[in-house]
file my_file-v7.tsv (TSV, N, CA and C atoms)
chain	number	residue	atom	x	y	z
A	995	MET	N	41.67	26.15	-11.66
A	995	MET	CA	41.68	26.50	-13.07
A	995	MET	C	42.61	25.58	-13.84
A	996	HIS	N	43.66	25.08	-13.16
A	996	HIS	CA	44.58	24.19	-13.83
A	996	HIS	C	43.89	22.90	-14.25
A	997	ILE	N	43.02	22.41	-13.42
A	997	ILE	CA	42.30	21.16	-13.74
A	997	ILE	C	41.40	21.38	-14.94
A	998	VAL	N	40.69	22.51	-14.97
A	998	VAL	CA	39.79	22.81	-16.09
A	998	VAL	C	40.58	22.90	-17.39
A	999	ASN	N	41.69	23.62	-17.37
A	999	ASN	CA	42.49	23.75	-18.59
A	999	ASN	C	43.14	22.44	-18.99
A	1000	GLY	N	43.50	21.60	-18.03
A	1000	GLY	CA	44.02	20.27	-18.35
A	1000	GLY	C	42.98	19.40	-19.02
A	1001	VAL	N	41.75	19.45	-18.52
A	1001	VAL	CA	40.66	18.68	-19.13
A	1001	VAL	C	40.36	19.21	-20.53
A	1002	ILE	N	40.38	20.53	-20.69
A	1002	ILE	CA	40.16	21.12	-22.01
A	1002	ILE	C	41.26	20.69	-22.97
A	1003	GLY	N	42.50	20.68	-22.51
A	1003	GLY	CA	43.61	20.23	-23.35
A	1003	GLY	C	43.44	18.79	-23.79
A	1004	LEU	N	43.02	17.92	-22.87
A	1004	LEU	CA	42.78	16.52	-23.21
A	1004	LEU	C	41.61	16.38	-24.19
A	1005	PHE	N	40.55	17.15	-23.97
A	1005	PHE	CA	39.39	17.11	-24.86
A	1005	PHE	C	39.76	17.55	-26.27
A	1006	LEU	N	40.51	18.64	-26.37
A	1006	LEU	CA	40.91	19.12	-27.70
A	1006	LEU	C	41.91	18.18	-28.37
A	1007	ALA	N	42.75	17.53	-27.58
A	1007	ALA	CA	43.67	16.53	-28.15
A	1007	ALA	C	42.88	15.34	-28.70
A	1008	ALA	N	41.85	14.93	-27.97
A	1008	ALA	CA	41.00	13.84	-28.46
A	1008	ALA	C	40.28	14.24	-29.75
A	1009	LEU	N	39.81	15.48	-29.82
A	1009	LEU	CA	39.18	15.96	-31.04
A	1009	LEU	C	40.17	16.00	-32.20
A	1010	ALA	N	41.40	16.39	-31.91
A	1010	ALA	CA	42.43	16.43	-32.96
A	1010	ALA	C	42.69	15.03	-33.51
A	1011	ILE	N	42.76	14.06	-32.62
A	1011	ILE	CA	42.97	12.68	-33.06
A	1011	ILE	C	41.77	12.18	-33.83
A	1012	LEU	N	40.57	12.47	-33.34
A	1012	LEU	CA	39.35	12.03	-34.00
A	1012	LEU	C	39.23	12.62	-35.40
A	1013	HIS	N	39.48	13.92	-35.52
A	1013	HIS	CA	39.36	14.57	-36.82
A	1013	HIS	C	40.56	14.26	-37.72
A	1014	GLY	N	41.67	13.87	-37.13
A	1014	GLY	CA	42.83	13.49	-37.94
A	1014	GLY	C	42.61	12.18	-38.68
A	1015	THR	N	41.73	11.34	-38.15
A	1015	THR	CA	41.44	10.07	-38.81
A	1015	THR	C	40.36	10.20	-39.88
A	1016	MET	N	39.64	11.32	-39.88
A	1016	MET	CA	38.59	11.52	-40.88
A	1016	MET	C	39.20	12.12	-42.14
A	1017	PRO	N	38.79	11.62	-43.31
A	1017	PRO	CA	39.35	12.18	-44.55
A	1017	PRO	C	38.84	13.61	-44.79
A	1018	GLY	N	39.74	14.47	-45.20
A	1018	GLY	CA	39.38	15.84	-45.55
A	1018	GLY	C	39.22	16.79	-44.38
A	1019	SER	N	39.62	16.41	-43.21
A	1019	SER	CA	39.46	17.33	-42.07
A	1019	SER	C	40.78	17.55	-41.34
A	1020	MET	N	41.87	17.55	-42.08
A	1020	MET	CA	43.17	17.78	-41.46
A	1020	MET	C	43.30	19.21	-40.94
A	1021	GLN	N	42.64	20.15	-41.60
A	1021	GLN	CA	42.69	21.54	-41.15
A	1021	GLN	C	42.04	21.66	-39.77
A	1022	SER	N	40.92	21.00	-39.57
A	1022	SER	CA	40.27	21.01	-38.26
A	1022	SER	C	41.12	20.30	-37.22
A	1023	ALA	N	41.72	19.19	-37.61
A	1023	ALA	CA	42.57	18.44	-36.68
A	1023	ALA	C	43.75	19.29	-36.23
A	1024	LEU	N	44.35	20.03	-37.14
A	1024	LEU	CA	45.46	20.91	-36.80
A	1024	LEU	C	45.00	22.03	-35.86
A	1025	ALA	N	43.82	22.58	-36.14
A	1025	ALA	CA	43.28	23.65	-35.28
A	1025	ALA	C	42.99	23.13	-33.88
A	1026	PHE	N	42.46	21.91	-33.77
A	1026	PHE	CA	42.21	21.33	-32.45
A	1026	PHE	C	43.52	21.03	-31.73
A	1027	ALA	N	44.53	20.62	-32.46
A	1027	ALA	CA	45.84	20.35	-31.85
A	1027	ALA	C	46.46	21.64	-31.32
A	1028	VAL	N	46.32	22.74	-32.05
A	1028	VAL	CA	46.83	24.04	-31.60
A	1028	VAL	C	46.08	24.48	-30.34
A	1029	GLY	N	44.76	24.30	-30.33
A	1029	GLY	CA	43.97	24.63	-29.15
A	1029	GLY	C	44.37	23.80	-27.94
A	1030	SER	N	44.65	22.52	-28.17
A	1030	SER	CA	45.10	21.65	-27.10
A	1030	SER	C	46.43	22.12	-26.54
A	1031	LEU	N	47.34	22.46	-27.42
A	1031	LEU	CA	48.65	22.96	-26.98
A	1031	LEU	C	48.51	24.24	-26.18
A	1032	LEU	N	47.64	25.15	-26.63
A	1032	LEU	CA	47.42	26.39	-25.90
A	1032	LEU	C	46.83	26.15	-24.52
A	1033	ALA	N	45.95	25.17	-24.42
A	1033	ALA	CA	45.37	24.85	-23.11
A	1033	ALA	C	46.42	24.26	-22.18
A	1034	PHE	N	47.28	23.39	-22.71
A	1034	PHE	CA	48.32	22.79	-21.88
A	1034	PHE	C	49.39	23.81	-21.48
A	1035	LEU	N	49.62	24.82	-22.32
A	1035	LEU	CA	50.63	25.84	-21.99
A	1035	LEU	C	50.20	26.72	-20.82
A	1036	THR	N	48.90	26.76	-20.53
A	1036	THR	CA	48.46	27.54	-19.36
A	1036	THR	C	48.91	26.89	-18.06
A	1037	LEU	N	49.31	25.63	-18.11
A	1037	LEU	CA	49.74	24.93	-16.91
A	1037	LEU	C	51.17	25.25	-16.51
A	1038	LEU	N	51.91	25.94	-17.38
A	1038	LEU	CA	53.28	26.34	-17.05
A	1038	LEU	C	53.25	27.40	-15.95
A	1039	PRO	N	54.08	27.24	-14.92
A	1039	PRO	CA	53.99	28.18	-13.79
A	1039	PRO	C	54.56	29.57	-14.09
A	1040	ASN	N	55.66	29.66	-14.77
A	1040	ASN	CA	56.30	30.94	-15.03
A	1040	ASN	C	56.21	31.27	-16.51
A	1041	MET	N	55.60	32.43	-16.79
A	1041	MET	CA	55.44	32.86	-18.17
A	1041	MET	C	55.55	34.38	-18.19
A	1042	SER	N	56.35	34.88	-19.09
A	1042	SER	CA	56.51	36.33	-19.17
A	1042	SER	C	55.23	36.97	-19.72
A	1043	THR	N	55.12	38.26	-19.50
A	1043	THR	CA	53.94	38.99	-19.96
A	1043	THR	C	53.85	39.01	-21.48
A	1044	ALA	N	54.97	39.14	-22.15
A	1044	ALA	CA	54.96	39.17	-23.61
A	1044	ALA	C	54.51	37.83	-24.18
A	1045	VAL	N	54.97	36.75	-23.59
A	1045	VAL	CA	54.57	35.42	-24.06
A	1045	VAL	C	53.09	35.19	-23.78
A	1046	ALA	N	52.63	35.59	-22.61
A	1046	ALA	CA	51.21	35.44	-22.27
A	1046	ALA	C	50.34	36.26	-23.22
A	1047	ARG	N	50.80	37.45	-23.59
A	1047	ARG	CA	50.06	38.28	-24.54
A	1047	ARG	C	50.00	37.63	-25.91
A	1048	ALA	N	51.11	37.06	-26.36
A	1048	ALA	CA	51.13	36.39	-27.66
A	1048	ALA	C	50.21	35.17	-27.65
A	1049	PHE	N	50.25	34.39	-26.57
A	1049	PHE	CA	49.37	33.22	-26.48
A	1049	PHE	C	47.90	33.64	-26.38
A	1050	ALA	N	47.62	34.76	-25.74
A	1050	ALA	CA	46.24	35.25	-25.67
A	1050	ALA	C	45.73	35.62	-27.07
A	1051	VAL	N	46.56	36.24	-27.86
A	1051	VAL	CA	46.16	36.60	-29.22
A	1051	VAL	C	45.94	35.34	-30.06
A	1052	ILE	N	46.84	34.38	-29.95
A	1052	ILE	CA	46.70	33.13	-30.70
A	1052	ILE	C	45.45	32.37	-30.24
A	1053	THR	N	45.17	32.38	-28.94
A	1053	THR	CA	43.97	31.73	-28.43
A	1053	THR	C	42.71	32.38	-28.97
A	1054	THR	N	42.71	33.71	-29.05
A	1054	THR	CA	41.56	34.42	-29.60
A	1054	THR	C	41.35	34.08	-31.07
A	1055	VAL	N	42.42	34.04	-31.83
A	1055	VAL	CA	42.33	33.68	-33.25
A	1055	VAL	C	41.81	32.25	-33.39
A	1056	CYS	N	42.31	31.36	-32.57
A	1056	CYS	CA	41.88	29.97	-32.61
A	1056	CYS	C	40.40	29.85	-32.26
A	1057	MET	N	39.96	30.58	-31.24
A	1057	MET	CA	38.55	30.54	-30.84
A	1057	MET	C	37.66	31.06	-31.96
A	1058	PHE	N	38.05	32.15	-32.60
A	1058	PHE	CA	37.25	32.67	-33.70
A	1058	PHE	C	37.30	31.75	-34.93
A	1059	PHE	N	38.38	31.02	-35.10
A	1059	PHE	CA	38.45	30.02	-36.18
A	1059	PHE	C	37.41	28.93	-35.94
A	1060	TYR	N	37.28	28.49	-34.69
A	1060	TYR	CA	36.28	27.47	-34.38
A	1060	TYR	C	34.87	28.00	-34.62
A	1061	PHE	N	34.58	29.22	-34.15
A	1061	PHE	CA	33.26	29.80	-34.38
A	1061	PHE	C	32.99	29.99	-35.87
A	1062	ALA	N	33.99	30.46	-36.62
A	1062	ALA	CA	33.81	30.66	-38.06
A	1062	ALA	C	33.56	29.33	-38.76
A	1063	GLY	N	34.25	28.28	-38.32
A	1063	GLY	CA	34.02	26.96	-38.90
A	1063	GLY	C	32.61	26.48	-38.64
A	1064	PHE	N	32.12	26.69	-37.44
A	1064	PHE	CA	30.74	26.28	-37.13
A	1064	PHE	C	29.74	27.08	-37.95
A	1065	PHE	N	29.92	28.40	-38.00
A	1065	PHE	CA	28.95	29.22	-38.73
A	1065	PHE	C	29.05	29.06	-40.24
A	1066	SER	N	30.17	28.57	-40.75
A	1066	SER	CA	30.22	28.26	-42.17
A	1066	SER	C	29.50	26.94	-42.47
A	1067	LEU	N	29.43	26.05	-41.48
A	1067	LEU	CA	28.65	24.81	-41.63
A	1067	LEU	C	27.16	25.04	-41.45
A	1068	ALA	N	26.78	26.05	-40.70
A	1068	ALA	CA	25.38	26.26	-40.32
A	1068	ALA	C	24.42	26.37	-41.51
A	1069	PRO	N	24.73	27.07	-42.59
A	1069	PRO	CA	23.76	27.13	-43.69
A	1069	PRO	C	23.50	25.78	-44.38
A	1070	GLU	N	24.46	24.87	-44.27
A	1070	GLU	CA	24.31	23.56	-44.91
A	1070	GLU	C	23.56	22.56	-44.04
A	1071	LEU	N	23.33	22.89	-42.79
A	1071	LEU	CA	22.69	21.96	-41.87
A	1071	LEU	C	21.19	21.92	-42.11
A	1072	HIS	N	20.64	20.72	-42.17
A	1072	HIS	CA	19.20	20.56	-42.35
A	1072	HIS	C	18.50	20.62	-40.99
A	1073	SER	N	17.20	20.41	-40.97
A	1073	SER	CA	16.43	20.62	-39.75
A	1073	SER	C	16.82	19.66	-38.62
A	1074	GLU	N	17.24	18.46	-38.92
A	1074	GLU	CA	17.65	17.51	-37.88
A	1074	GLU	C	19.14	17.19	-38.03
A	1075	TRP	N	19.93	18.23	-38.10
A	1075	TRP	CA	21.37	18.09	-38.34
A	1075	TRP	C	22.07	17.37	-37.21
A	1076	TYR	N	21.57	17.50	-36.02
A	1076	TYR	CA	22.21	16.91	-34.85
A	1076	TYR	C	22.13	15.39	-34.83
A	1077	ARG	N	21.35	14.80	-35.73
A	1077	ARG	CA	21.25	13.35	-35.82
A	1077	ARG	C	22.10	12.77	-36.95
A	1078	GLY	N	22.63	13.62	-37.80
A	1078	GLY	CA	23.37	13.15	-38.97
A	1078	GLY	C	24.87	13.14	-38.77
A	1079	MET	N	25.58	12.93	-39.87
A	1079	MET	CA	27.04	12.87	-39.84
A	1079	MET	C	27.68	14.24	-39.62
A	1080	GLN	N	26.97	15.30	-39.97
A	1080	GLN	CA	27.52	16.63	-39.78
A	1080	GLN	C	27.53	17.05	-38.32
A	1081	ALA	N	26.85	16.31	-37.50
A	1081	ALA	CA	26.76	16.68	-36.09
A	1081	ALA	C	28.12	16.63	-35.41
A	1082	ARG	N	28.94	15.65	-35.77
A	1082	ARG	CA	30.25	15.53	-35.12
A	1082	ARG	C	31.11	16.76	-35.40
A	1083	ALA	N	31.17	17.17	-36.65
A	1083	ALA	CA	31.99	18.34	-36.99
A	1083	ALA	C	31.43	19.61	-36.37
A	1084	ALA	N	30.10	19.79	-36.44
A	1084	ALA	CA	29.49	21.00	-35.91
A	1084	ALA	C	29.62	21.08	-34.39
A	1085	PHE	N	29.31	19.99	-33.70
A	1085	PHE	CA	29.44	19.98	-32.25
A	1085	PHE	C	30.89	20.16	-31.82
A	1086	SER	N	31.81	19.55	-32.54
A	1086	SER	CA	33.23	19.67	-32.19
A	1086	SER	C	33.68	21.12	-32.27
A	1087	LEU	N	33.32	21.78	-33.35
A	1087	LEU	CA	33.74	23.18	-33.51
A	1087	LEU	C	33.08	24.08	-32.48
A	1088	LEU	N	31.80	23.85	-32.21
A	1088	LEU	CA	31.10	24.70	-31.26
A	1088	LEU	C	31.62	24.49	-29.83
A	1089	LEU	N	31.80	23.25	-29.43
A	1089	LEU	CA	32.32	22.98	-28.10
A	1089	LEU	C	33.76	23.47	-27.94
A	1090	ALA	N	34.56	23.29	-28.97
A	1090	ALA	CA	35.95	23.76	-28.90
A	1090	ALA	C	36.00	25.28	-28.76
A	1091	ALA	N	35.12	25.98	-29.46
A	1091	ALA	CA	35.10	27.44	-29.36
A	1091	ALA	C	34.77	27.88	-27.94
A	1092	PHE	N	33.78	27.25	-27.33
A	1092	PHE	CA	33.43	27.63	-25.96
A	1092	PHE	C	34.47	27.16	-24.96
A	1093	CYS	N	35.18	26.10	-25.26
A	1093	CYS	CA	36.24	25.63	-24.35
A	1093	CYS	C	37.44	26.58	-24.35
A	1094	MET	N	37.61	27.36	-25.37
A	1094	MET	CA	38.74	28.27	-25.42
A	1094	MET	C	38.54	29.49	-24.53
A	1095	ILE	N	37.32	29.73	-24.06
A	1095	ILE	CA	37.05	30.89	-23.21
A	1095	ILE	C	37.82	30.80	-21.88
A	1096	PRO	N	37.79	29.67	-21.16
A	1096	PRO	CA	38.61	29.61	-19.93
A	1096	PRO	C	40.11	29.68	-20.19
A	1097	VAL	N	40.55	29.17	-21.33
A	1097	VAL	CA	41.97	29.24	-21.67
A	1097	VAL	C	42.36	30.70	-21.88
A	1098	LEU	N	41.55	31.43	-22.63
A	1098	LEU	CA	41.81	32.85	-22.85
A	1098	LEU	C	41.74	33.62	-21.53
A	1099	SER	N	40.84	33.22	-20.66
A	1099	SER	CA	40.73	33.86	-19.34
A	1099	SER	C	42.00	33.68	-18.53
A	1100	CYS	N	42.60	32.51	-18.62
A	1100	CYS	CA	43.84	32.25	-17.88
A	1100	CYS	C	44.97	33.14	-18.40
A	1101	TYR	N	45.07	33.26	-19.71
A	1101	TYR	CA	46.12	34.13	-20.27
A	1101	TYR	C	45.88	35.60	-19.92
A	1102	SER	N	44.62	36.03	-19.96
A	1102	SER	CA	44.36	37.43	-19.62
A	1102	SER	C	44.60	37.69	-18.13
A	1103	CYS	N	44.38	36.68	-17.30
A	1103	CYS	CA	44.68	36.82	-15.87
A	1103	CYS	C	46.18	37.02	-15.65
A	1104	ARG	N	46.98	36.33	-16.43
A	1104	ARG	CA	48.44	36.47	-16.29
A	1104	ARG	C	48.92	37.86	-16.70
A	1105	LEU	N	48.11	38.56	-17.48
A	1105	LEU	CA	48.49	39.91	-17.90
A	1105	LEU	C	48.11	40.97	-16.88
A	1106	LYS	N	47.38	40.58	-15.85
A	1106	LYS	CA	46.95	41.54	-14.83
A	1106	LYS	C	47.85	41.44	-13.61
A	1107	ALA	N	48.02	42.56	-12.93
A	1107	ALA	CA	48.88	42.60	-11.74
A	1107	ALA	C	48.26	41.81	-10.60
A	1108	ASP	N	46.94	41.82	-10.47
A	1108	ASP	CA	46.28	41.09	-9.38
A	1108	ASP	C	46.58	39.61	-9.45
A	1109	CYS	N	46.63	39.06	-10.65
A	1109	CYS	CA	46.91	37.64	-10.80
A	1109	CYS	C	48.33	37.32	-10.35
A	1110	HIS	N	49.28	38.17	-10.71
A	1110	HIS	CA	50.67	37.95	-10.31
A	1110	HIS	C	50.83	38.02	-8.79
A	1111	GLU	N	50.11	38.96	-8.16
A	1111	GLU	CA	50.20	39.08	-6.70
A	1111	GLU	C	49.61	37.86	-6.00
A	1112	SER	N	48.49	37.34	-6.50
A	1112	SER	CA	47.89	36.18	-5.85
A	1112	SER	C	48.75	34.93	-6.04
A	1113	VAL	N	49.39	34.82	-7.19
A	1113	VAL	CA	50.29	33.68	-7.42
A	1113	VAL	C	51.49	33.77	-6.48
A	1114	GLN	N	52.03	34.96	-6.29
A	1114	GLN	CA	53.17	35.14	-5.40
A	1114	GLN	C	52.78	34.83	-3.95
A	1115	ARG	N	51.57	35.22	-3.54
A	1115	ARG	CA	51.12	34.92	-2.19
A	1115	ARG	C	50.99	33.42	-1.97
A	1116	LYS	N	50.50	32.71	-2.96
A	1116	LYS	CA	50.35	31.26	-2.84
A	1116	LYS	C	51.71	30.57	-2.75
A	1117	ARG	N	52.70	31.11	-3.43
A	1117	ARG	CA	54.04	30.50	-3.39
A	1117	ARG	C	54.73	30.72	-2.06
A	1118	ARG	N	54.45	31.85	-1.43
A	1118	ARG	CA	55.14	32.20	-0.19
A	1118	ARG	C	54.72	31.34	0.99
A	1119	GLY	N	53.49	30.96	1.05
A	1119	GLY	CA	53.02	30.25	2.23
A	1119	GLY	C	52.11	29.11	1.88
A	1120	GLY	N	51.75	28.36	2.89
A	1120	GLY	CA	50.85	27.25	2.72
A	1120	GLY	C	49.41	27.72	2.60
A	1121	PHE	N	48.52	26.78	2.56
A	1121	PHE	CA	47.11	27.08	2.41
A	1121	PHE	C	46.57	27.84	3.62
A	1122	PHE	N	47.00	27.47	4.81
A	1122	PHE	CA	46.51	28.09	6.02
A	1122	PHE	C	47.52	29.07	6.62
A	1123	SER	N	48.38	29.63	5.82
A	1123	SER	CA	49.39	30.55	6.36
A	1123	SER	C	48.77	31.92	6.62
A	1124	VAL	N	49.42	32.66	7.46
A	1124	VAL	CA	48.97	34.00	7.82
A	1124	VAL	C	49.53	34.98	6.80
A	1125	PRO	N	48.68	35.87	6.25
A	1125	PRO	CA	49.19	36.85	5.30
A	1125	PRO	C	50.21	37.78	5.94
A	1126	SER	N	51.12	38.27	5.13
A	1126	SER	CA	52.20	39.12	5.66
A	1126	SER	C	51.67	40.40	6.27
A	1127	GLU	N	50.53	40.94	5.79
A	1127	GLU	CA	49.96	42.15	6.36
A	1127	GLU	C	49.51	41.91	7.80
A	1128	ALA	N	48.96	40.72	8.07
A	1128	ALA	CA	48.50	40.39	9.43
A	1128	ALA	C	49.67	40.17	10.35
A	1129	LYS	N	50.78	39.63	9.83
A	1129	LYS	CA	51.97	39.40	10.67
A	1129	LYS	C	52.56	40.72	11.14
A	1130	GLN	N	52.50	41.74	10.30
A	1130	GLN	CA	53.08	43.03	10.65
A	1130	GLN	C	52.28	43.72	11.76
A	1131	HIS	N	50.98	43.52	11.80
A	1131	HIS	CA	50.13	44.18	12.80
A	1131	HIS	C	50.20	43.52	14.16
A	1132	SER	N	50.65	42.30	14.26
A	1132	SER	CA	50.66	41.61	15.56
A	1132	SER	C	51.98	41.74	16.28
call {"tool": "encode", "arguments": {"input": "my_file-v7.tsv", "output": "C-alpha coordinates"}}
result
Amino acid sequence: MHIVNGVIGLFLAALAILHGTMPGSMQSALAFAVGSLLAFLTLLPNMSTAVARAFAVITTVCMFFYFAGFFSLAPELHSEWYRGMQARAAFSLLLAAFCMIPVLSCYSCRLKADCHESVQRKRRGGFFSVPSEAKQHS
(Lines of atoms letter the chains of each structure in order from A and count residues from 1; the text may use other names and numbers.)
(Lines give C-alpha, C1' and ligand atoms only; values in the text may rest on other atoms or scores of the structure.)
Protein backbone atom coordinates (compact mmCIF):
# COMPACT_ATOMS: atom_id res chain seq x y z
CA MET A 1 0.00 0.00 0.00
CA HIS A 2 2.95 2.29 0.61
CA ILE A 3 4.02 2.02 -3.01
CA VAL A 4 0.50 2.83 -4.25
CA ASN A 5 0.23 5.88 -2.01
CA GLY A 6 3.72 7.01 -3.01
CA VAL A 7 2.79 6.81 -6.69
CA ILE A 8 -0.45 8.67 -5.99
CA GLY A 9 1.50 11.37 -4.16
CA LEU A 10 3.87 11.75 -7.11
CA PHE A 11 0.96 11.83 -9.56
CA LEU A 12 -0.87 14.52 -7.60
CA ALA A 13 2.33 16.53 -7.22
CA ALA A 14 2.78 16.40 -11.00
CA LEU A 15 -0.81 17.57 -11.45
CA ALA A 16 -0.21 20.41 -8.99
CA ILE A 17 2.84 21.54 -10.97
CA LEU A 18 1.00 21.17 -14.27
CA HIS A 19 -2.02 23.15 -13.11
CA GLY A 20 0.18 25.69 -11.35
CA THR A 21 1.61 26.72 -14.70
CA MET A 22 -1.82 27.18 -16.28
CA PRO A 23 -3.40 30.63 -15.88
CA GLY A 24 -6.50 30.73 -13.70
CA SER A 25 -6.15 27.29 -12.14
CA MET A 26 -4.26 28.04 -8.94
CA GLN A 27 -7.18 26.74 -6.88
CA SER A 28 -6.91 23.35 -8.59
CA ALA A 29 -3.13 23.37 -8.21
CA LEU A 30 -3.47 24.01 -4.48
CA ALA A 31 -6.05 21.22 -4.15
CA PHE A 32 -3.75 18.79 -5.98
CA ALA A 33 -0.84 19.83 -3.75
CA VAL A 34 -2.95 19.15 -0.63
CA GLY A 35 -3.92 15.74 -2.02
CA SER A 36 -0.27 14.98 -2.73
CA LEU A 37 0.70 15.92 0.81
CA LEU A 38 -2.07 13.73 2.23
CA ALA A 39 -0.89 10.79 0.14
CA PHE A 40 2.72 11.24 1.27
CA LEU A 41 1.64 11.54 4.93
CA THR A 42 0.29 7.98 4.78
CA LEU A 43 3.90 6.83 4.50
CA LEU A 44 4.69 7.97 8.05
CA PRO A 45 5.02 4.90 10.28
CA ASN A 46 3.70 6.28 13.58
CA MET A 47 0.54 8.36 13.63
CA SER A 48 -1.87 8.88 16.48
CA THR A 49 -5.53 8.03 16.09
CA ALA A 50 -6.60 11.66 16.38
CA VAL A 51 -4.21 12.76 13.65
CA ALA A 52 -5.29 9.88 11.40
CA ARG A 53 -8.93 10.85 11.96
CA ALA A 54 -8.23 14.49 11.07
CA PHE A 55 -6.34 13.46 7.93
CA ALA A 56 -9.18 11.11 6.97
CA VAL A 57 -11.66 13.97 7.19
CA ILE A 58 -9.40 16.28 5.16
CA THR A 59 -8.89 13.52 2.58
CA THR A 60 -12.65 13.07 2.26
CA VAL A 61 -13.17 16.80 1.79
CA CYS A 62 -10.40 16.89 -0.79
CA MET A 63 -11.88 13.92 -2.67
CA PHE A 64 -15.32 15.53 -2.77
CA PHE A 65 -13.72 18.80 -3.93
CA TYR A 66 -12.26 16.92 -6.90
CA PHE A 67 -15.59 15.28 -7.71
CA ALA A 68 -17.43 18.61 -7.35
CA GLY A 69 -14.92 20.26 -9.66
CA PHE A 70 -15.44 17.59 -12.29
CA PHE A 71 -19.23 17.70 -12.04
CA SER A 72 -19.23 21.49 -12.24
CA LEU A 73 -17.29 21.18 -15.52
CA ALA A 74 -19.58 18.45 -16.87
CA PRO A 75 -22.46 20.68 -18.10
CA GLU A 76 -20.01 22.78 -20.13
CA LEU A 77 -18.45 19.79 -21.89
CA HIS A 78 -19.46 19.21 -25.49
CA SER A 79 -19.93 15.82 -27.14
CA GLU A 80 -16.21 15.29 -27.88
CA TRP A 81 -14.85 16.97 -24.77
CA TYR A 82 -12.11 14.41 -24.31
CA ARG A 83 -10.37 15.71 -27.45
CA GLY A 84 -10.37 19.38 -26.47
CA MET A 85 -8.56 21.61 -24.01
CA GLN A 86 -11.07 20.91 -21.26
CA ALA A 87 -10.01 17.28 -21.22
CA ARG A 88 -6.91 17.98 -19.14
CA ALA A 89 -8.82 19.69 -16.35
CA ALA A 90 -11.70 17.19 -16.38
CA PHE A 91 -9.47 14.11 -16.48
CA SER A 92 -7.20 15.55 -13.79
CA LEU A 93 -10.07 16.15 -11.40
CA LEU A 94 -11.69 12.79 -12.07
CA LEU A 95 -8.48 10.79 -11.73
CA ALA A 96 -7.45 12.70 -8.62
CA ALA A 97 -10.82 11.98 -7.01
CA PHE A 98 -10.47 8.25 -7.61
CA CYS A 99 -6.84 8.30 -6.48
CA MET A 100 -7.90 9.62 -3.09
CA ILE A 101 -9.84 6.41 -2.36
CA PRO A 102 -6.73 4.33 -1.46
CA VAL A 103 -5.37 7.24 0.57
CA LEU A 104 -8.62 7.43 2.54
CA SER A 105 -8.52 3.65 2.92
CA CYS A 106 -5.08 3.86 4.50
CA TYR A 107 -6.22 6.45 7.04
CA SER A 108 -9.35 4.47 7.89
CA CYS A 109 -7.20 1.36 8.36
CA ARG A 110 -5.11 3.23 10.91
CA LEU A 111 -8.28 3.93 12.86
CA LYS A 112 -9.07 0.23 13.22
CA ALA A 113 -7.57 -2.06 15.85
CA ASP A 114 -6.89 -4.83 13.31
CA CYS A 115 -4.56 -2.55 11.37
CA HIS A 116 -2.58 -1.65 14.49
CA GLU A 117 -2.21 -5.32 15.43
CA SER A 118 -0.95 -6.31 11.99
CA VAL A 119 1.55 -3.44 11.97
CA GLN A 120 2.83 -4.50 15.40
CA ARG A 121 3.20 -8.11 14.22
CA LYS A 122 5.24 -7.00 11.23
CA ARG A 123 7.55 -4.95 13.45
CA ARG A 124 8.17 -7.79 15.88
CA GLY A 125 9.47 -10.34 13.43
CA GLY A 126 10.74 -10.93 9.96
CA PHE A 127 8.74 -12.01 6.97
CA PHE A 128 9.14 -15.71 7.73
CA SER A 129 8.99 -15.48 11.52
CA VAL A 130 6.80 -17.72 13.62
CA PRO A 131 3.77 -16.01 15.19
CA SER A 132 3.84 -15.69 18.96
CA GLU A 133 0.68 -17.84 19.29
CA ALA A 134 2.45 -20.76 17.56
CA LYS A 135 5.54 -20.36 19.77
CA GLN A 136 3.43 -20.73 22.90
CA HIS A 137 1.88 -24.02 21.74
CA SER A 138 5.19 -25.73 20.96
call {"tool": "closest_residue", "arguments": {"input": "my_file-v7.tsv", "among": "A:Leu1037, A:Val1028, A:Leu1098, A:Ala1023", "to": "Gly1000 in chain A", "atoms": "only N, CA and C atoms"}}
result
A:Leu1037
call {"tool": "residues_around", "arguments": {"input": "my_file-v7.tsv", "residues": "Leu1006 in chain A", "least_positions_apart": "2", "cutoff": "7 Å", "atoms": "only C-alpha atoms", "output": "ChimeraX atom specification"}}
result
/A:1002-1004,1008-1010,1026-1027,1029-1030,1090
call {"tool": "atom_distance", "arguments": {"input": "my_file-v7.tsv", "atom1": "CA of Phe1085 in chain A", "atom2": "CA of Thr1054 in chain A"}}
result
19.0 Å
call {"tool": "residues_around", "arguments": {"input": "my_file-v7.tsv", "residues": "Ala1046 in chain A", "least_positions_apart": "5", "cutoff": "8 Å", "atoms": "all atoms listed in the file", "output": "PyMOL selection string"}}
result
chain A and resi 1041+1051-1052+1100-1102+1104-1105
call {"tool": "atom_distance", "arguments": {"input": "my_file-v7.tsv", "atom1": "CA of Leu1067 in chain A", "atom2": "CA of Ser1022 in chain A"}}
result
12.7 Å
call {"tool": "select_by_dssp", "arguments": {"input": "my_file-v7.tsv", "residues": "range 995-1119 of chain A", "states": "helix (DSSP H, G or I)", "output": "VMD selection string"}}
result
chain A and resid 996 to 1014 1020 to 1035 1043 to 1070 1075 to 1077 1080 to 1104 1107 to 1118
call {"tool": "closest_residue", "arguments": {"input": "my_file-v7.tsv", "among": "A:Leu1089, A:Val1001, A:Ala1048, A:Cys1103", "to": "Phe1034 in chain A", "atoms": "only C-alpha atoms"}}
result
A:Val1001
call {"tool": "atom_distance", "arguments": {"input": "my_file-v7.tsv", "atom1": "CA of Ala1081 in chain A", "atom2": "CA of Ile997 in chain A"}}
result
27.6 Å
